[in-house]
file query04.cif (mmCIF, C-alpha atoms and all ligand atoms)
data_coords
loop_
_atom_site.group_PDB
_atom_site.id
_atom_site.type_symbol
_atom_site.label_atom_id
_atom_site.label_comp_id
_atom_site.auth_asym_id
_atom_site.auth_seq_id
_atom_site.Cartn_x
_atom_site.Cartn_y
_atom_site.Cartn_z
ATOM 1 C CA MET A 1213 47.953 3.577 47.580
ATOM 2 C CA SER A 1214 50.721 5.139 45.456
ATOM 3 C CA GLN A 1215 50.147 6.061 41.808
ATOM 4 C CA ILE A 1216 52.216 3.076 40.686
ATOM 5 C CA GLU A 1217 50.180 0.755 42.930
ATOM 6 C CA GLN A 1218 46.940 2.177 41.536
ATOM 7 C CA ALA A 1219 48.169 1.534 37.998
ATOM 8 C CA VAL A 1220 49.227 -2.021 38.943
ATOM 9 C CA ALA A 1221 45.830 -2.798 40.485
ATOM 10 C CA GLN A 1222 44.158 -1.395 37.376
ATOM 11 C CA HIS A 1223 46.321 -3.610 35.166
ATOM 12 C CA TYR A 1224 45.049 -6.706 36.990
ATOM 13 C CA THR A 1225 41.392 -5.630 37.064
ATOM 14 C CA THR A 1226 39.498 -7.182 34.175
ATOM 15 C CA GLY A 1227 35.929 -7.068 35.546
ATOM 16 C CA ALA A 1228 33.353 -9.602 36.751
ATOM 17 C CA LEU A 1229 36.160 -12.089 37.424
ATOM 18 C CA THR A 1230 34.312 -14.375 39.853
ATOM 19 C CA GLU A 1231 31.406 -14.691 37.427
ATOM 20 C CA ARG A 1232 33.776 -15.448 34.543
ATOM 21 C CA VAL A 1233 35.601 -18.116 36.580
ATOM 22 C CA ARG A 1234 32.227 -19.696 37.414
ATOM 23 C CA ALA A 1235 31.217 -19.605 33.738
ATOM 24 C CA ALA A 1236 34.535 -21.197 32.733
ATOM 25 C CA LEU A 1237 34.038 -23.974 35.292
ATOM 26 C CA LYS A 1238 30.587 -24.639 33.841
ATOM 27 C CA ALA A 1239 31.999 -24.679 30.307
ATOM 28 C CA SER A 1240 34.556 -27.273 31.515
ATOM 29 C CA GLY A 1241 31.733 -29.481 32.794
ATOM 30 C CA VAL A 1242 32.147 -28.591 36.501
ATOM 31 C CA ASP A 1243 29.229 -27.415 38.640
ATOM 32 C CA PRO A 1244 30.614 -24.115 40.062
ATOM 33 C CA ASP A 1245 28.799 -24.638 43.356
ATOM 34 C CA ALA A 1246 30.441 -28.039 43.826
ATOM 35 C CA ALA A 1247 33.928 -27.072 42.575
ATOM 36 C CA THR A 1248 36.952 -28.529 44.377
ATOM 37 C CA VAL A 1249 40.416 -27.057 44.898
ATOM 38 C CA ALA A 1250 41.636 -29.305 42.059
ATOM 39 C CA ASP A 1251 38.884 -28.082 39.700
ATOM 40 C CA LEU A 1252 40.106 -24.493 40.118
ATOM 41 C CA LYS A 1253 43.815 -25.236 39.601
ATOM 42 C CA ALA A 1254 44.013 -24.545 35.858
ATOM 43 C CA GLY A 1255 42.940 -20.951 36.447
ATOM 44 C CA ASP A 1256 44.027 -19.851 39.900
ATOM 45 C CA GLU A 1257 47.838 -20.099 40.087
ATOM 46 C CA PHE A 1258 48.908 -16.934 38.238
ATOM 47 C CA HIS A 1259 52.635 -17.657 37.874
ATOM 48 C CA THR A 1260 55.002 -19.450 35.509
ATOM 49 C CA GLY A 1261 54.295 -23.180 35.536
ATOM 50 C CA GLY A 1262 51.076 -22.919 37.591
ATOM 51 C CA VAL A 1263 50.644 -25.652 40.169
ATOM 52 C CA LEU A 1264 53.776 -27.495 38.955
ATOM 53 C CA ALA A 1265 55.837 -24.521 40.121
ATOM 54 C CA THR A 1266 53.903 -24.383 43.394
ATOM 55 C CA ASP A 1267 54.636 -28.101 43.934
ATOM 56 C CA ASN A 1268 58.343 -27.515 43.349
ATOM 57 C CA LEU A 1269 58.509 -24.697 45.880
ATOM 58 C CA PHE A 1270 56.463 -26.466 48.543
ATOM 59 C CA THR A 1271 58.414 -29.733 48.465
ATOM 60 C CA GLN A 1272 61.229 -27.573 49.887
ATOM 61 C CA LEU A 1273 59.018 -26.051 52.594
ATOM 62 C CA SER A 1274 56.647 -28.719 53.958
ATOM 63 C CA PRO A 1275 54.485 -26.598 56.267
ATOM 64 C CA THR A 1276 52.217 -28.274 58.834
ATOM 65 C CA HIS A 1277 48.771 -27.520 60.232
ATOM 66 C CA ALA A 1278 50.542 -25.367 62.853
ATOM 67 C CA THR A 1279 52.384 -23.169 60.328
ATOM 68 C CA ARG A 1280 50.990 -19.650 60.077
ATOM 69 C CA VAL A 1281 51.350 -18.652 56.421
ATOM 70 C CA LEU A 1282 51.292 -15.209 54.806
ATOM 71 C CA ASP A 1283 50.661 -15.170 51.023
ATOM 72 C CA VAL A 1284 52.119 -11.835 49.844
ATOM 73 C CA GLY A 1285 50.349 -10.737 46.627
ATOM 74 C CA CYS A 1286 47.969 -13.697 46.832
ATOM 75 C CA GLY A 1287 46.057 -12.915 43.634
ATOM 76 C CA ILE A 1288 42.828 -14.942 43.510
ATOM 77 C CA GLY A 1289 44.122 -17.238 46.240
ATOM 78 C CA GLY A 1290 45.124 -20.339 44.255
ATOM 79 C CA THR A 1291 48.305 -20.911 46.238
ATOM 80 C CA SER A 1292 46.493 -20.219 49.526
ATOM 81 C CA ARG A 1293 43.891 -22.890 48.700
ATOM 82 C CA TYR A 1294 46.711 -25.283 47.734
ATOM 83 C CA ILE A 1295 48.299 -24.795 51.174
ATOM 84 C CA VAL A 1296 45.074 -25.264 53.122
ATOM 85 C CA ASP A 1297 44.180 -28.316 51.037
ATOM 86 C CA ARG A 1298 47.572 -30.033 51.309
ATOM 87 C CA TYR A 1299 48.864 -28.942 54.693
ATOM 88 C CA ASP A 1300 45.821 -27.663 56.592
ATOM 89 C CA SER A 1301 47.772 -24.511 57.569
ATOM 90 C CA MET A 1302 46.085 -21.182 58.377
ATOM 91 C CA VAL A 1303 46.701 -18.749 55.531
ATOM 92 C CA THR A 1304 46.370 -14.978 55.314
ATOM 93 C CA GLY A 1305 46.528 -13.452 51.852
ATOM 94 C CA VAL A 1306 47.257 -9.796 51.059
ATOM 95 C CA ASP A 1307 46.868 -8.284 47.604
ATOM 96 C CA LEU A 1308 46.720 -4.857 46.018
ATOM 97 C CA THR A 1309 43.897 -5.636 43.584
ATOM 98 C CA PRO A 1310 40.416 -5.507 45.188
ATOM 99 C CA GLU A 1311 38.856 -7.648 42.459
ATOM 100 C CA PHE A 1312 41.404 -10.415 43.121
ATOM 101 C CA VAL A 1313 40.756 -10.293 46.879
ATOM 102 C CA GLU A 1314 37.013 -10.514 46.242
ATOM 103 C CA THR A 1315 37.477 -13.521 43.935
ATOM 104 C CA ALA A 1316 39.974 -15.162 46.321
ATOM 105 C CA THR A 1317 37.412 -14.923 49.133
ATOM 106 C CA ALA A 1318 34.532 -16.182 46.976
ATOM 107 C CA LEU A 1319 36.474 -19.185 45.658
ATOM 108 C CA SER A 1320 37.903 -20.152 49.059
ATOM 109 C CA ASP A 1321 34.421 -19.938 50.602
ATOM 110 C CA LEU A 1322 33.165 -22.120 47.751
ATOM 111 C CA VAL A 1323 35.626 -24.923 48.557
ATOM 112 C CA GLY A 1324 34.951 -24.707 52.311
ATOM 113 C CA HIS A 1325 38.101 -22.871 53.409
ATOM 114 C CA SER A 1326 36.437 -19.870 55.110
ATOM 115 C CA ASP A 1327 37.774 -20.855 58.539
ATOM 116 C CA LYS A 1328 41.360 -21.473 57.307
ATOM 117 C CA ALA A 1329 42.016 -18.650 54.813
ATOM 118 C CA SER A 1330 41.335 -14.923 54.826
ATOM 119 C CA PHE A 1331 42.175 -12.326 52.201
ATOM 120 C CA HIS A 1332 42.773 -8.598 52.588
ATOM 121 C CA VAL A 1333 43.373 -5.670 50.267
ATOM 122 C CA GLY A 1334 46.737 -4.073 50.974
ATOM 123 C CA SER A 1335 50.199 -3.232 49.718
ATOM 124 C CA ALA A 1336 53.094 -5.631 50.209
ATOM 125 C CA LEU A 1337 55.010 -2.573 51.434
ATOM 126 C CA ASP A 1338 52.546 -1.905 54.275
ATOM 127 C CA MET A 1339 50.536 -5.042 55.018
ATOM 128 C CA PRO A 1340 47.451 -4.963 57.280
ATOM 129 C CA VAL A 1341 48.823 -7.739 59.521
ATOM 130 C CA PRO A 1342 50.517 -7.738 62.968
ATOM 131 C CA ASP A 1343 54.270 -7.975 63.690
ATOM 132 C CA ALA A 1344 55.881 -11.438 63.991
ATOM 133 C CA ALA A 1345 52.562 -13.181 63.331
ATOM 134 C CA PHE A 1346 53.736 -15.688 60.686
ATOM 135 C CA ASP A 1347 56.152 -18.621 60.378
ATOM 136 C CA LEU A 1348 56.198 -18.720 56.578
ATOM 137 C CA ALA A 1349 55.756 -15.934 54.045
ATOM 138 C CA ILE A 1350 55.419 -16.847 50.382
ATOM 139 C CA MET A 1351 55.450 -14.564 47.374
ATOM 140 C CA LEU A 1352 54.865 -15.828 43.838
ATOM 141 C CA HIS A 1353 55.344 -13.495 40.855
ATOM 142 C CA VAL A 1354 54.726 -10.231 42.714
ATOM 143 C CA GLY A 1355 58.133 -8.549 42.974
ATOM 144 C CA MET A 1356 58.039 -7.601 39.281
ATOM 145 C CA ASN A 1357 55.482 -4.941 40.237
ATOM 146 C CA ILE A 1358 57.450 -3.566 43.207
ATOM 147 C CA GLU A 1359 60.346 -1.146 42.722
ATOM 148 C CA ASP A 1360 61.307 -0.874 46.403
ATOM 149 C CA LYS A 1361 62.804 -4.313 47.038
ATOM 150 C CA ALA A 1362 64.462 -3.108 50.259
ATOM 151 C CA GLY A 1363 61.085 -1.940 51.579
ATOM 152 C CA LEU A 1364 59.479 -5.218 50.521
ATOM 153 C CA PHE A 1365 61.978 -7.396 52.432
ATOM 154 C CA THR A 1366 61.836 -5.111 55.477
ATOM 155 C CA GLU A 1367 58.042 -5.359 55.554
ATOM 156 C CA VAL A 1368 58.009 -9.160 55.124
ATOM 157 C CA SER A 1369 60.620 -9.422 57.880
ATOM 158 C CA ARG A 1370 58.345 -7.395 60.187
ATOM 159 C CA THR A 1371 55.538 -9.942 59.751
ATOM 160 C CA LEU A 1372 57.703 -13.027 60.383
ATOM 161 C CA ALA A 1373 58.637 -14.576 63.713
ATOM 162 C CA THR A 1374 62.386 -15.062 64.278
ATOM 163 C CA GLY A 1375 63.484 -18.209 62.432
ATOM 164 C CA GLY A 1376 60.627 -17.772 59.972
ATOM 165 C CA THR A 1377 60.972 -18.539 56.273
ATOM 166 C CA PHE A 1378 60.421 -16.309 53.259
ATOM 167 C CA ALA A 1379 60.010 -18.312 50.021
ATOM 168 C CA LEU A 1380 59.580 -16.512 46.736
ATOM 169 C CA PHE A 1381 59.308 -17.285 43.052
ATOM 170 C CA ASP A 1382 59.667 -14.190 40.876
ATOM 171 C CA VAL A 1383 60.587 -13.252 37.329
ATOM 172 C CA MET A 1384 64.038 -11.696 37.724
ATOM 173 C CA GLY A 1385 66.453 -10.102 35.274
ATOM 174 C CA GLY A 1386 68.380 -12.491 33.021
ATOM 175 C CA ASP A 1387 71.998 -12.390 31.866
ATOM 176 C CA VAL A 1388 71.159 -10.179 28.877
ATOM 177 C CA ASP A 1389 70.352 -6.682 30.138
ATOM 178 C CA GLU A 1390 68.093 -5.350 27.347
ATOM 179 C CA PRO A 1391 64.702 -3.598 27.398
ATOM 180 C CA LEU A 1392 61.815 -6.069 27.708
ATOM 181 C CA ALA A 1393 59.144 -6.578 25.056
ATOM 182 C CA PHE A 1394 55.697 -5.509 26.373
ATOM 183 C CA PRO A 1395 52.873 -6.238 27.119
ATOM 184 C CA LEU A 1396 53.754 -8.862 29.728
ATOM 185 C CA PRO A 1397 51.474 -10.726 32.148
ATOM 186 C CA TRP A 1398 52.438 -8.446 35.076
ATOM 187 C CA SER A 1399 52.530 -5.148 33.202
ATOM 188 C CA SER A 1400 51.560 -3.763 29.824
ATOM 189 C CA VAL A 1401 54.120 -0.938 30.036
ATOM 190 C CA ALA A 1402 57.680 -0.444 31.286
ATOM 191 C CA GLU A 1403 56.578 2.114 33.931
ATOM 192 C CA THR A 1404 54.946 -0.519 36.197
ATOM 193 C CA SER A 1405 57.488 -3.287 35.631
ATOM 194 C CA PHE A 1406 60.422 -3.647 38.035
ATOM 195 C CA VAL A 1407 62.266 -6.770 36.964
ATOM 196 C CA HIS A 1408 65.430 -6.810 39.061
ATOM 197 C CA ALA A 1409 68.517 -9.027 39.006
ATOM 198 C CA PRO A 1410 68.782 -11.806 41.632
ATOM 199 C CA GLU A 1411 71.533 -9.754 43.355
ATOM 200 C CA VAL A 1412 69.050 -6.943 44.061
ATOM 201 C CA TYR A 1413 66.796 -9.435 45.894
ATOM 202 C CA LYS A 1414 69.710 -10.949 47.814
ATOM 203 C CA ASP A 1415 71.105 -7.558 48.854
ATOM 204 C CA ALA A 1416 67.666 -6.373 50.018
ATOM 205 C CA ALA A 1417 67.149 -9.646 51.887
ATOM 206 C CA ALA A 1418 70.516 -9.467 53.666
ATOM 207 C CA ALA A 1419 69.870 -5.861 54.711
ATOM 208 C CA ALA A 1420 66.519 -6.930 56.224
ATOM 209 C CA GLY A 1421 68.103 -9.745 58.282
ATOM 210 C CA PHE A 1422 67.496 -12.722 55.993
ATOM 211 C CA GLU A 1423 69.946 -15.501 55.222
ATOM 212 C CA LEU A 1424 69.741 -17.181 51.796
ATOM 213 C CA VAL A 1425 68.951 -20.904 52.046
ATOM 214 C CA THR A 1426 68.444 -21.848 48.384
ATOM 215 C CA GLU A 1427 68.327 -20.205 44.965
ATOM 216 C CA ASN A 1428 67.030 -21.993 41.831
ATOM 217 C CA ASP A 1429 67.025 -20.726 38.263
ATOM 218 C CA ARG A 1430 63.782 -22.089 36.770
ATOM 219 C CA THR A 1431 64.364 -20.997 33.152
ATOM 220 C CA MET A 1432 64.531 -24.531 31.698
ATOM 221 C CA PHE A 1433 61.398 -25.546 33.563
ATOM 222 C CA ALA A 1434 59.599 -22.448 32.228
ATOM 223 C CA LEU A 1435 60.665 -23.085 28.623
ATOM 224 C CA GLU A 1436 59.492 -26.707 28.764
ATOM 225 C CA PHE A 1437 56.243 -25.683 30.451
ATOM 226 C CA PHE A 1438 55.369 -23.152 27.748
ATOM 227 C CA GLU A 1439 56.346 -25.525 24.945
ATOM 228 C CA ASP A 1440 53.840 -27.966 26.391
ATOM 229 C CA VAL A 1441 51.133 -25.293 26.824
ATOM 230 C CA PHE A 1442 51.517 -23.998 23.252
ATOM 231 C CA ALA A 1443 51.424 -27.581 21.859
ATOM 232 C CA LYS A 1444 48.185 -28.294 23.748
ATOM 233 C CA ILE A 1445 46.612 -25.037 22.525
ATOM 234 C CA ALA A 1446 47.624 -25.810 18.926
ATOM 235 C CA GLU A 1447 46.016 -29.228 19.257
ATOM 236 C CA SER A 1448 42.741 -28.430 21.005
ATOM 237 C CA GLY A 1449 42.485 -24.636 21.490
ATOM 238 C CA PRO A 1450 42.595 -22.798 24.834
ATOM 239 C CA ALA A 1451 40.718 -24.414 27.732
ATOM 240 C CA PRO A 1452 37.819 -22.329 29.129
ATOM 241 C CA LEU A 1453 39.465 -22.089 32.567
ATOM 242 C CA GLY A 1454 42.958 -20.624 32.556
ATOM 243 C CA ILE A 1455 44.996 -17.693 33.820
ATOM 244 C CA HIS A 1456 44.105 -15.877 30.580
ATOM 245 C CA LEU A 1457 40.871 -14.930 32.431
ATOM 246 C CA MET A 1458 43.002 -12.503 34.510
ATOM 247 C CA MET A 1459 44.948 -11.097 31.569
ATOM 248 C CA GLY A 1460 42.400 -9.329 29.363
ATOM 249 C CA GLU A 1461 42.273 -9.298 25.582
ATOM 250 C CA THR A 1462 46.036 -9.105 25.137
ATOM 251 C CA ALA A 1463 46.634 -12.426 26.946
ATOM 252 C CA PRO A 1464 48.053 -14.226 23.845
ATOM 253 C CA GLU A 1465 50.509 -11.366 23.199
ATOM 254 C CA LYS A 1466 51.549 -11.336 26.863
ATOM 255 C CA PHE A 1467 52.354 -15.068 26.772
ATOM 256 C CA GLN A 1468 54.265 -14.722 23.479
ATOM 257 C CA ASN A 1469 56.330 -11.790 24.810
ATOM 258 C CA TYR A 1470 57.051 -13.632 28.052
ATOM 259 C CA VAL A 1471 58.513 -16.584 26.138
ATOM 260 C CA ALA A 1472 60.418 -14.312 23.717
ATOM 261 C CA ASN A 1473 61.995 -12.446 26.657
ATOM 262 C CA LEU A 1474 62.824 -15.761 28.308
ATOM 263 C CA LYS A 1475 64.459 -17.225 25.194
ATOM 264 C CA ALA A 1476 66.466 -14.020 24.698
ATOM 265 C CA GLY A 1477 67.859 -14.270 28.237
ATOM 266 C CA HIS A 1478 66.197 -11.008 29.327
ATOM 267 C CA ILE A 1479 64.266 -12.640 32.176
ATOM 268 C CA CYS A 1480 64.911 -15.517 34.516
ATOM 269 C CA PRO A 1481 62.165 -17.032 36.703
ATOM 270 C CA THR A 1482 63.918 -17.731 39.995
ATOM 271 C CA GLU A 1483 63.059 -19.313 43.336
ATOM 272 C CA MET A 1484 64.709 -18.063 46.511
ATOM 273 C CA ILE A 1485 64.202 -19.276 50.050
ATOM 274 C CA PHE A 1486 65.390 -17.194 52.989
ATOM 275 C CA LYS A 1487 65.474 -17.639 56.762
ATOM 276 C CA LYS A 1488 64.902 -14.713 59.083
ATOM 277 C CA THR A 1489 67.880 -14.711 61.387
ATOM 278 C CA GLY A 1490 67.363 -11.519 63.363
HETATM 279 C C1 LIG B 1501 51.058 -12.320 38.613
HETATM 280 S S1 LIG B 1501 49.983 -12.098 39.948
HETATM 281 C C2 LIG B 1501 50.417 -13.435 41.043
HETATM 282 C C3 LIG B 1501 49.304 -13.752 42.005
HETATM 283 C C4 LIG B 1501 49.559 -14.941 42.928
HETATM 284 N N1 LIG B 1501 50.742 -14.752 43.736
HETATM 285 C C5 LIG B 1501 49.659 -16.213 42.144
HETATM 286 O O1 LIG B 1501 50.779 -16.703 41.976
HETATM 287 O O2 LIG B 1501 48.623 -16.712 41.697
HETATM 288 C C6 LIG B 1501 50.712 -10.677 40.766
HETATM 289 C C7 LIG B 1501 49.897 -10.243 41.958
HETATM 290 O O3 LIG B 1501 50.651 -9.317 42.736
HETATM 291 C C8 LIG B 1501 49.773 -8.337 43.223
HETATM 292 N N2 LIG B 1501 50.590 -7.155 43.547
HETATM 293 C C9 LIG B 1501 51.366 -6.428 42.714
HETATM 294 N N3 LIG B 1501 51.973 -5.437 43.382
HETATM 295 C C10 LIG B 1501 51.601 -5.549 44.672
HETATM 296 C C11 LIG B 1501 51.885 -4.826 45.864
HETATM 297 N N4 LIG B 1501 52.686 -3.755 45.860
HETATM 298 N N5 LIG B 1501 51.300 -5.227 47.011
HETATM 299 C C12 LIG B 1501 50.474 -6.299 47.039
HETATM 300 N N6 LIG B 1501 50.159 -7.019 45.950
HETATM 301 C C13 LIG B 1501 50.710 -6.659 44.781
HETATM 302 C C14 LIG B 1501 48.795 -8.124 42.088
HETATM 303 O O4 LIG B 1501 47.632 -7.488 42.504
HETATM 304 C C15 LIG B 1501 48.596 -9.546 41.612
HETATM 305 O O5 LIG B 1501 47.571 -10.175 42.299
#
call {"tool": "encode", "arguments": {"input": "query04.cif", "output": "structure tokens"}}
result
Amino acid sequence: MSQIEQAVAQHYTTGALTERVRAALKASGVDPDAATVADLKAGDEFHTGGVLATDNLFTQLSPTHATRVLDVGCGIGGTSRYIVDRYDSMVTGVDLTPEFVETATALSDLVGHSDKASFHVGSALDMPVPDAAFDLAIMLHVGMNIEDKAGLFTEVSRTLATGGTFALFDVMGGDVDEPLAFPLPWSSVAETSFVHAPEVYKDAAAAAGFELVTENDRTMFALEFFEDVFAKIAESGPAPLGIHLMMGETAPEKFQNYVANLKAGHICPTEMIFKKTG
């Protein structure tokens, strides 16, 4: 693991995460040992818009039970459980942060997905999976921690069968090229944040043999989503189960800075879907 990767994994490690998720479920009135995929949703999709964003991406993908899916930077496995639950696909998740992989495994076992989903510690630049073993690779809010976009696309291409799809949803650079306000959900400091313009992704993808299928700017969706979240918090306080459990004590500041950067045009949450042609 490189020094940057070590620092990234440390950023996401908040301690005793599985136990805190279980406690939050209990505080929400859910028996942790009988939790369903739906019960976990408020706290296990660590990206802008949570499951609403996942829904939007997957309506464009529609995998089947036969689709072999790779979840690059799977976090605690929320999106992987969504895929198994909705489409019955086999999912392999890879993530840099050991605590996330541990929690992903525990929560997927809890909802009965042990035979459909597996999670492994590893870097997106050197994944512990075979060549051409997947039909669909997904990556949600991970690229902001990876400087080497060319290496990332080359590695994802290695894992996909020809004709395979790579669907991603990342926070990319906006029209206004100014320094970002930190801390942010993916990094507390500039040194481990690599927010790149959409062109950087598209160039890296083309060089790795991908063809762009769709590109969607999700800024308006993100602004509306956060307006709704902040209104709900103002009305009834934060819910016990939420992605704040993975963000440490500075979670409120991270959310505020995210929205400030978004409103200032410094960042632009963007979906891209590619096909592997080579
Ligand atoms: C904001 S979270 C998103 C997690 C998950 N994709 C989701 O949407 O719930 C970013 C994730 O990327 C992982 N990550 C960051 N850099 C990585 C790398 N180089 N290789 C693998 N995973 C990485 C982190 O450990 C973290 O779990």
call {"tool": "axis_aligned_box", "arguments": {"input": "query04.cif", "around": "region 1400-1414 of chain A", "padding_each_side": "8 Å", "output": "AutoDock Vina command-line options"}}
result
--center_x 61.5 --center_y -4.8 --center_z 38.8 --size_x 36.0 --size_y 29.9 --size_z 34.0
call {"tool": "closest_residue", "arguments": {"input": "query04.cif", "among": "A:Leu1229, A:Ala1329, A:Ile1485, A:Ala1476", "to": "Asp1382 (chain A)", "atoms": "only C-alpha atoms"}}
result
A:Ile1485
call {"tool": "residues_around", "arguments": {"input": "query04.cif", "residues": "Val1368 (chain A)", "least_positions_apart": "4", "cutoff": "12 Å", "atoms": "all atoms listed in the file", "output": "ChimeraX atom specification"}}
result
/A:1281-1285,1306,1335-1351,1361-1364,1372-1374,1376-1380,1416-1417,1420-1422,1486-1488
call {"tool": "write_last_selection", "arguments": {"input": "query04.cif", "atoms": "C-alpha atoms", "output": "PDB file, keeping the file's coordinate frame"}}
result
ATOM      1  CA  VAL A1281      51.350 -18.652  56.421  1.00  0.00           C
ATOM      2  CA  LEU A1282      51.292 -15.209  54.806  1.00  0.00           C
ATOM      3  CA  ASP A1283      50.661 -15.170  51.023  1.00  0.00           C
ATOM      4  CA  VAL A1284      52.119 -11.835  49.844  1.00  0.00           C
ATOM      5  CA  GLY A1285      50.349 -10.737  46.627  1.00  0.00           C
ATOM      6  CA  VAL A1306      47.257  -9.796  51.059  1.00  0.00           C
ATOM      7  CA  SER A1335      50.199  -3.232  49.718  1.00  0.00           C
ATOM      8  CA  ALA A1336      53.094  -5.631  50.209  1.00  0.00           C
ATOM      9  CA  LEU A1337      55.010  -2.573  51.434  1.00  0.00           C
ATOM     10  CA  ASP A1338      52.546  -1.905  54.275  1.00  0.00           C
ATOM     11  CA  MET A1339      50.536  -5.042  55.018  1.00  0.00           C
ATOM     12  CA  PRO A1340      47.451  -4.963  57.280  1.00  0.00           C
ATOM     13  CA  VAL A1341      48.823  -7.739  59.521  1.00  0.00           C
ATOM     14  CA  PRO A1342      50.517  -7.738  62.968  1.00  0.00           C
ATOM     15  CA  ASP A1343      54.270  -7.975  63.690  1.00  0.00           C
ATOM     16  CA  ALA A1344      55.881 -11.438  63.991  1.00  0.00           C
ATOM     17  CA  ALA A1345      52.562 -13.181  63.331  1.00  0.00           C
ATOM     18  CA  PHE A1346      53.736 -15.688  60.686  1.00  0.00           C
ATOM     19  CA  ASP A1347      56.152 -18.621  60.378  1.00  0.00           C
ATOM     20  CA  LEU A1348      56.198 -18.720  56.578  1.00  0.00           C
ATOM     21  CA  ALA A1349      55.756 -15.934  54.045  1.00  0.00           C
ATOM     22  CA  ILE A1350      55.419 -16.847  50.382  1.00  0.00           C
ATOM     23  CA  MET A1351      55.450 -14.564  47.374  1.00  0.00           C
ATOM     24  CA  LYS A1361      62.804  -4.313  47.038  1.00  0.00           C
ATOM     25  CA  ALA A1362      64.462  -3.108  50.259  1.00  0.00           C
ATOM     26  CA  GLY A1363      61.085  -1.940  51.579  1.00  0.00           C
ATOM     27  CA  LEU A1364      59.479  -5.218  50.521  1.00  0.00           C
ATOM     28  CA  LEU A1372      57.703 -13.027  60.383  1.00  0.00           C
ATOM     29  CA  ALA A1373      58.637 -14.576  63.713  1.00  0.00           C
ATOM     30  CA  THR A1374      62.386 -15.062  64.278  1.00  0.00           C
ATOM     31  CA  GLY A1376      60.627 -17.772  59.972  1.00  0.00           C
ATOM     32  CA  THR A1377      60.972 -18.539  56.273  1.00  0.00           C
ATOM     33  CA  PHE A1378      60.421 -16.309  53.259  1.00  0.00           C
ATOM     34  CA  ALA A1379      60.010 -18.312  50.021  1.00  0.00           C
ATOM     35  CA  LEU A1380      59.580 -16.512  46.736  1.00  0.00           C
ATOM     36  CA  ALA A1416      67.666  -6.373  50.018  1.00  0.00           C
ATOM     37  CA  ALA A1417      67.149  -9.646  51.887  1.00  0.00           C
ATOM     38  CA  ALA A1420      66.519  -6.930  56.224  1.00  0.00           C
ATOM     39  CA  GLY A1421      68.103  -9.745  58.282  1.00  0.00           C
ATOM     40  CA  PHE A1422      67.496 -12.722  55.993  1.00  0.00           C
ATOM     41  CA  PHE A1486      65.390 -17.194  52.989  1.00  0.00           C
ATOM     42  CA  LYS A1487      65.474 -17.639  56.762  1.00  0.00           C
ATOM     43  CA  LYS A1488      64.902 -14.713  59.083  1.00  0.00           C
TER      44      LYS A1488
END
call {"tool": "resolve_selection", "arguments": {"input": "query04.cif", "expression": "the PyMOL selection byres (((chain A and resi 1245) around 9) and not hetatm)", "output": "list of chain:residue names"}}
result
A:Arg1234, A:Val1242, A:Asp1243, A:Pro1244, A:Ala1246, A:Ala1247, A:Leu1322, A:Val1323
call {"tool": "atom_distance", "arguments": {"input": "query04.cif", "atom1": "CA of Thr1291 (chain A)", "atom2": "atom C4 of ligand LIG 1501 (chain B)"}}
result
6.9 Å
call {"tool": "closest_residue", "arguments": {"input": "query04.cif", "among": "A:Val1303, A:Ala1472, A:Ile1216, A:Ala1463", "to": "Asp1360 (chain A)", "atoms": "all atoms listed in the file"}}
result
A:Ile1216
call {"tool": "residues_around", "arguments": {"input": "query04.cif", "residues": "Ser1240 (chain A)", "least_positions_apart": "5", "cutoff": "12 Å", "atoms": "all atoms listed in the file", "output": "PDB file with C-alpha atoms, keeping the file's coordinate frame"}}
result
ATOM      1  CA  VAL A1233      35.601 -18.116  36.580  1.00  0.00           C
ATOM      2  CA  ARG A1234      32.227 -19.696  37.414  1.00  0.00           C
ATOM      3  CA  ALA A1235      31.217 -19.605  33.738  1.00  0.00           C
ATOM      4  CA  ALA A1247      33.928 -27.072  42.575  1.00  0.00           C
ATOM      5  CA  ASP A1251      38.884 -28.082  39.700  1.00  0.00           C
ATOM      6  CA  LEU A1252      40.106 -24.493  40.118  1.00  0.00           C
ATOM      7  CA  ALA A1254      44.013 -24.545  35.858  1.00  0.00           C
ATOM      8  CA  GLY A1255      42.940 -20.951  36.447  1.00  0.00           C
ATOM      9  CA  PRO A1450      42.595 -22.798  24.834  1.00  0.00           C
ATOM     10  CA  ALA A1451      40.718 -24.414  27.732  1.00  0.00           C
ATOM     11  CA  PRO A1452      37.819 -22.329  29.129  1.00  0.00           C
ATOM     12  CA  LEU A1453      39.465 -22.089  32.567  1.00  0.00           C
ATOM     13  CA  GLY A1454      42.958 -20.624  32.556  1.00  0.00           C
TER      14      GLY A1454
END
call {"tool": "residues_near_ligand", "arguments": {"input": "query04.cif", "ligand": "ligand LIG 1501 (chain B)", "cutoff": "6 Å", "atoms": "only C-alpha atoms and all ligand atoms", "output": "ChimeraX atom specification"}}
result
/A:1217,1221,1256-1259,1285-1287,1290,1307-1309,1334-1336,1351-1354,1357-1358,1398
call {"tool": "resolve_selection", "arguments": {"input": "query04.cif", "expression": "the PyMOL selection byres (((chain A and resi 1274-1279) around 7) and not hetatm)", "output": "PyMOL selection string"}}
result
chain A and resi 1270-1273+1280-1281+1299-1302+1347-1348
call {"tool": "residues_around", "arguments": {"input": "query04.cif", "residues": "Ala1409 (chain A)", "least_positions_apart": "6", "cutoff": "8 Å", "atoms": "all atoms listed in the file", "output": "PyMOL selection string"}}
result
chain A and resi 1384-1386
call {"tool": "atom_distance", "arguments": {"input": "query04.cif", "atom1": "CA of Phe1437 (chain A)", "atom2": "CA of Arg1232 (chain A)"}}
result
25.0 Å
